[in-house]
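So this one's work_3.cif, mmCIF, C-alpha atoms:
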```
data_my_file
loop_
_atom_site.group_PDB
_atom_site.id
_atom_site.type_symbol
_atom_site.label_atom_id
_atom_site.label_comp_id
_atom_site.auth_asym_id
_atom_site.auth_seq_id
_atom_site.Cartn_x
_atom_site.Cartn_y
_atom_site.Cartn_z
ATOM 1 C CA MET K 1 0.000 0.000 0.000
ATOM 2 C CA ALA K 2 1.342 3.441 -0.872
ATOM 3 C CA LEU K 3 2.241 5.816 1.936
ATOM 4 C CA SER K 4 2.067 9.567 1.390
ATOM 5 C CA LEU K 5 4.166 11.807 3.598
ATOM 6 C CA SER K 6 4.487 15.523 4.152
ATOM 7 C CA ILE K 7 8.048 16.399 5.169
ATOM 8 C CA GLU K 8 8.881 19.836 6.573
ATOM 9 C CA LEU K 9 12.533 20.673 6.110
ATOM 10 C CA ALA K 10 14.671 22.673 8.542
ATOM 11 C CA ASP K 11 14.223 25.835 6.429
ATOM 12 C CA GLY K 12 10.419 25.560 6.665
ATOM 13 C CA THR K 13 9.745 24.323 3.134
ATOM 14 C CA VAL K 14 7.370 21.372 2.864
ATOM 15 C CA GLU K 15 7.742 18.538 0.386
ATOM 16 C CA GLY K 16 5.302 15.768 -0.434
ATOM 17 C CA LEU K 17 6.475 12.231 -1.047
ATOM 18 C CA THR K 18 4.676 8.978 -1.853
ATOM 19 C CA VAL K 19 6.394 5.652 -1.222
ATOM 20 C CA ASP K 20 4.824 2.508 -2.682
ATOM 21 C CA VAL K 21 6.175 -0.543 -0.854
ATOM 22 C CA ALA K 22 4.668 -3.585 0.797
ATOM 23 C CA GLY K 23 4.875 -3.298 4.576
ATOM 24 C CA PRO K 24 6.295 -0.531 6.730
ATOM 25 C CA VAL K 25 8.201 2.408 5.230
ATOM 26 C CA THR K 26 11.548 2.954 6.951
ATOM 27 C CA ILE K 27 12.817 6.474 7.562
ATOM 28 C CA GLY K 28 16.363 7.304 8.591
ATOM 29 C CA ARG K 29 19.831 8.421 7.584
ATOM 30 C CA ASP K 30 20.904 5.051 6.160
ATOM 31 C CA PRO K 31 20.834 4.853 2.344
ATOM 32 C CA THR K 32 18.909 1.551 2.538
ATOM 33 C CA CYS K 33 15.877 3.290 4.122
ATOM 34 C CA HIS K 34 12.869 4.025 1.916
ATOM 35 C CA VAL K 35 13.051 7.699 2.947
ATOM 36 C CA VAL K 36 16.549 9.064 3.599
ATOM 37 C CA LEU K 37 16.838 12.167 5.775
ATOM 38 C CA PRO K 38 20.465 13.324 5.608
ATOM 39 C CA SER K 39 21.187 14.776 9.044
ATOM 40 C CA PRO K 40 23.469 13.652 11.861
ATOM 41 C CA ASP K 41 20.487 14.217 14.191
ATOM 42 C CA VAL K 42 18.573 11.390 12.452
ATOM 43 C CA SER K 43 19.320 7.786 13.449
ATOM 44 C CA ARG K 44 20.379 5.349 10.736
ATOM 45 C CA ARG K 45 16.982 3.618 11.013
ATOM 46 C CA HIS K 46 14.992 6.202 12.945
ATOM 47 C CA LEU K 47 11.418 4.933 12.578
ATOM 48 C CA SER K 48 8.969 3.086 10.395
ATOM 49 C CA ILE K 49 5.426 3.993 9.397
ATOM 50 C CA GLU K 50 2.836 1.517 8.210
ATOM 51 C CA PRO K 51 -0.575 2.636 6.908
ATOM 52 C CA LEU K 52 -3.635 0.693 8.016
ATOM 53 C CA PRO K 53 -6.876 0.367 5.992
ATOM 54 C CA THR K 54 -8.719 2.134 8.847
ATOM 55 C CA GLY K 55 -6.913 5.422 8.163
ATOM 56 C CA LEU K 56 -4.571 5.050 11.129
ATOM 57 C CA PHE K 57 -0.812 4.569 10.929
ATOM 58 C CA VAL K 58 1.484 2.378 13.032
ATOM 59 C CA VAL K 59 4.614 4.354 13.915
ATOM 60 C CA THR K 60 7.481 2.319 15.353
ATOM 61 C CA ASP K 61 10.491 4.104 16.795
ATOM 62 C CA SER K 62 13.893 2.473 16.540
ATOM 63 C CA SER K 63 16.080 5.529 17.169
ATOM 64 C CA ALA K 64 18.626 6.057 19.910
ATOM 65 C CA ASN K 65 16.779 8.927 21.600
ATOM 66 C CA GLY K 66 13.155 8.382 20.670
ATOM 67 C CA THR K 67 10.800 10.326 18.421
ATOM 68 C CA MET K 68 8.316 13.038 19.346
ATOM 69 C CA VAL K 69 4.982 11.819 17.948
ATOM 70 C CA GLY K 70 2.508 14.628 18.507
ATOM 71 C CA ASN K 71 3.218 15.675 22.107
ATOM 72 C CA GLN K 72 4.449 12.241 23.224
ATOM 73 C CA ARG K 73 7.987 10.886 23.173
ATOM 74 C CA VAL K 74 7.990 7.361 21.782
ATOM 75 C CA ARG K 75 11.006 5.152 22.452
ATOM 76 C CA GLN K 76 11.604 1.708 21.002
ATOM 77 C CA GLN K 77 7.880 0.970 20.666
ATOM 78 C CA GLY K 78 5.002 1.246 18.233
ATOM 79 C CA VAL K 79 1.948 3.480 18.498
ATOM 80 C CA GLN K 80 -1.137 3.993 16.334
ATOM 81 C CA VAL K 81 -1.720 7.566 15.192
ATOM 82 C CA PRO K 82 -4.196 9.343 12.911
ATOM 83 C CA ALA K 83 -3.153 11.202 9.763
ATOM 84 C CA ASN K 84 -1.314 14.522 9.967
ATOM 85 C CA VAL K 85 0.209 13.888 13.406
ATOM 86 C CA PRO K 86 3.625 15.582 13.393
ATOM 87 C CA MET K 87 6.658 13.412 14.118
ATOM 88 C CA ARG K 88 9.959 15.126 14.822
ATOM 89 C CA VAL K 89 12.794 13.248 13.142
ATOM 90 C CA GLY K 90 15.945 15.259 13.832
ATOM 91 C CA PRO K 91 15.408 18.686 12.212
ATOM 92 C CA TYR K 92 12.514 17.383 10.077
ATOM 93 C CA ILE K 93 8.796 17.153 10.782
ATOM 94 C CA VAL K 94 7.189 14.169 9.076
ATOM 95 C CA ARG K 95 3.410 13.769 8.796
ATOM 96 C CA PRO K 96 1.617 10.742 7.323
ATOM 97 C CA VAL K 97 -1.128 11.797 4.901
ATOM 98 C CA LEU K 98 -4.290 9.828 4.109
ATOM 99 C CA SER K 99 -4.935 8.491 0.663
ATOM 100 C CA PRO K 100 -8.540 7.630 -0.351
ATOM 101 C CA GLY K 101 -7.873 3.876 -0.194
ATOM 102 C CA GLN K 102 -6.955 4.085 3.508
ATOM 103 C CA MET K 103 -10.281 5.380 4.771
ATOM 104 C CA ALA K 104 -12.871 3.253 6.473
ATOM 105 C CA PRO K 105 -16.301 3.221 4.796
ATOM 106 C CA GLY K 106 -18.171 6.431 5.590
ATOM 107 C CA GLN K 107 -15.067 8.146 6.993
ATOM 108 C CA GLN K 108 -14.152 11.487 5.408
ATOM 109 C CA PRO K 109 -10.546 12.577 4.972
ATOM 110 C CA GLN K 110 -9.429 15.456 7.149
ATOM 111 C CA GLY K 111 -9.715 18.800 5.415
ATOM 112 C CA GLN K 112 -12.442 17.695 3.005
ATOM 113 C CA LEU K 113 -16.136 18.282 3.291
ATOM 114 C CA ALA K 114 -18.639 15.469 3.197
ATOM 115 C CA PRO K 115 -20.711 15.341 0.009
ATOM 116 C CA PRO K 116 -24.048 17.136 0.315
ATOM 117 C CA PRO K 117 -26.987 14.934 1.226
ATOM 118 C CA ALA K 118 -29.075 13.693 -1.665
ATOM 119 C CA GLN K 119 -32.045 15.890 -2.460
ATOM 120 C CA ALA K 120 -35.366 14.330 -1.558
ATOM 121 C CA GLN K 121 -37.417 13.537 -4.614
ATOM 122 C CA PRO K 122 -41.125 14.430 -4.565
ATOM 123 C CA GLN K 123 -43.239 11.373 -3.942
ATOM 124 C CA PRO K 124 -46.071 10.519 -6.363
ATOM 125 C CA GLY K 125 -49.229 12.303 -5.249
ATOM 126 C CA PHE K 126 -47.252 14.880 -3.290
ATOM 127 C CA GLY K 127 -46.925 18.332 -4.803
ATOM 128 C CA GLY K 128 -43.494 19.090 -3.425
ATOM 129 C CA PRO K 129 -42.555 21.451 -0.604
ATOM 130 C CA VAL K 130 -45.237 22.463 1.844
ATOM 131 C CA ALA K 131 -46.179 26.160 1.680
ATOM 132 C CA PRO K 132 -46.501 28.067 4.934
ATOM 133 C CA ALA K 133 -50.009 28.260 6.333
ATOM 134 C CA PRO K 134 -51.802 31.544 5.620
ATOM 135 C CA PRO K 135 -52.051 33.873 8.620
ATOM 136 C CA GLY K 136 -55.214 33.197 10.454
#
```
What would the structure in this file look like if it were written as C-alpha cells?
Amino acid sequence: MALSLSIELADGTVEGLTVDVAGPVTIGRDPTCHVVLPSPDVSRRHLSIEPLPTGLFVVTDSSANGTMVGNQRVRQQGVQVPANVPMRVGPYIVRPVLSPGQMAPGQQPQGQLAPPPAQAQPQPGFGGPVAPAPPG
C-alpha cells in the first residue's frame, strides 16, 4: 500500500512524497531506508510507518533517543496515530497523509467536506414542498 508523507525541512519548506512498498516504510539516515533524511540528528533507522486500511498509521520508533509523535515521546515501541500527526525526526517534521484507499467506509478525509446529502425527490401524489399556512 502506498504511503504519502508531508516532510517539513529545517528551512520551513514542505515537500510531499509517496512511497509505494509492501509493509512498513523505513525512515532514517541510512541509504537503505525508503526515505533518507540526511542529518546527523537522524538515526540510521529512525522509525517506520505503516498505513492501516482504517486510516490510522502504526509508527514504530527504533532511534537512539526516541521520536516526538505529537506531544508524546515514543522510544523503542510502536503506536497507532491518525493522519497529519507531526513526528519530529531530527530537524525534520514528518506527517503521514491519508490516501482515499486508507479510509474506512463512511469516513471522510481530514480537510475535506462530506458530500451534500441527496435531495429528496417528490413522492407521487405529493406536490413538493409544503407552503406556509396563511395567517389566520
Distance criterion (all atoms listed in the file): nearest to Val35 in chain K out of K:Thr18, K:Thr60, K:Asn84, K:Ser99:
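That would be K:Thr18, the residue with the smallest distance to Val35 in chain K.
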Can you pull out every residue within 10 Å of range 73-79 of chain K, counting all atoms listed in the file, but drop anything in the same chain fewer than 5 positions away, and send it as a list in words?
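Counting all atoms listed in the file, the residues come to His46, Leu47, Ser48, Ile49, Leu56, Phe57, Val58, Val59, Thr60, Asp61, Ser62, Ser63, Ala64, Asn65, Gly66, Thr67, Met68, Met87 and Arg88 of chain K.
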Apply the PyMOL selection byres ((chain K and resi 86) around 12) to the displayed file and report the matching residues as an NGL selection string.
:K and (5-8 or 59 or 67-73 or 81-85 or 87-89 or 92-97)
With C-alpha atoms retained, could you export that selection as a compact mmCIF listing (two decimals), in the coordinates of the input?
```txt
# COMPACT_ATOMS: atom_id res chain seq x y z
CA LEU K 5 4.17 11.81 3.60
CA SER K 6 4.49 15.52 4.15
CA ILE K 7 8.05 16.40 5.17
CA GLU K 8 8.88 19.84 6.57
CA VAL K 59 4.61 4.35 13.92
CA THR K 67 10.80 10.33 18.42
CA MET K 68 8.32 13.04 19.35
CA VAL K 69 4.98 11.82 17.95
CA GLY K 70 2.51 14.63 18.51
CA ASN K 71 3.22 15.68 22.11
CA GLN K 72 4.45 12.24 23.22
CA ARG K 73 7.99 10.89 23.17
CA VAL K 81 -1.72 7.57 15.19
CA PRO K 82 -4.20 9.34 12.91
CA ALA K 83 -3.15 11.20 9.76
CA ASN K 84 -1.31 14.52 9.97
CA VAL K 85 0.21 13.89 13.41
CA MET K 87 6.66 13.41 14.12
CA ARG K 88 9.96 15.13 14.82
CA VAL K 89 12.79 13.25 13.14
CA TYR K 92 12.51 17.38 10.08
CA ILE K 93 8.80 17.15 10.78
CA VAL K 94 7.19 14.17 9.08
CA ARG K 95 3.41 13.77 8.80
CA PRO K 96 1.62 10.74 7.32
CA VAL K 97 -1.13 11.80 4.90
```
Provide the CA of Ala10 in chain K to CA of Leu98 in chain K distance in Å, to one decimal place.
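Result for CA of Ala10 in chain K versus CA of Leu98 in chain K: 23.3 Å, one decimal.
Nearest residue to Glu50 in chain K, choosing from K:Gly28, K:Gly23, K:His34, K:Glu15 and counting only C-alpha atoms: K:Gly23.
When CA of Arg44 in chain K is paired with CA of Ala22 in chain K, their separation reads 20.6 Å.
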Atomic distance CA of Gly55 in chain K - CA of Pro24 in chain K, expressed in Å with one decimal:
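One can read the CA of Gly55 in chain K to CA of Pro24 in chain K distance as 14.6 Å.
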Enumerate, as a VMD selection string, the residues matched when the PyMOL selection byres ((chain K and resi 30) around 8) is run on the file above.
chain K and resid 28 to 29 31 to 33 36 43 to 45
So which residues fall inside 8 Å of (2.6, 2.2, -0.4) if we count all atoms listed in the file? Mind giving them as a count of residues only?
12
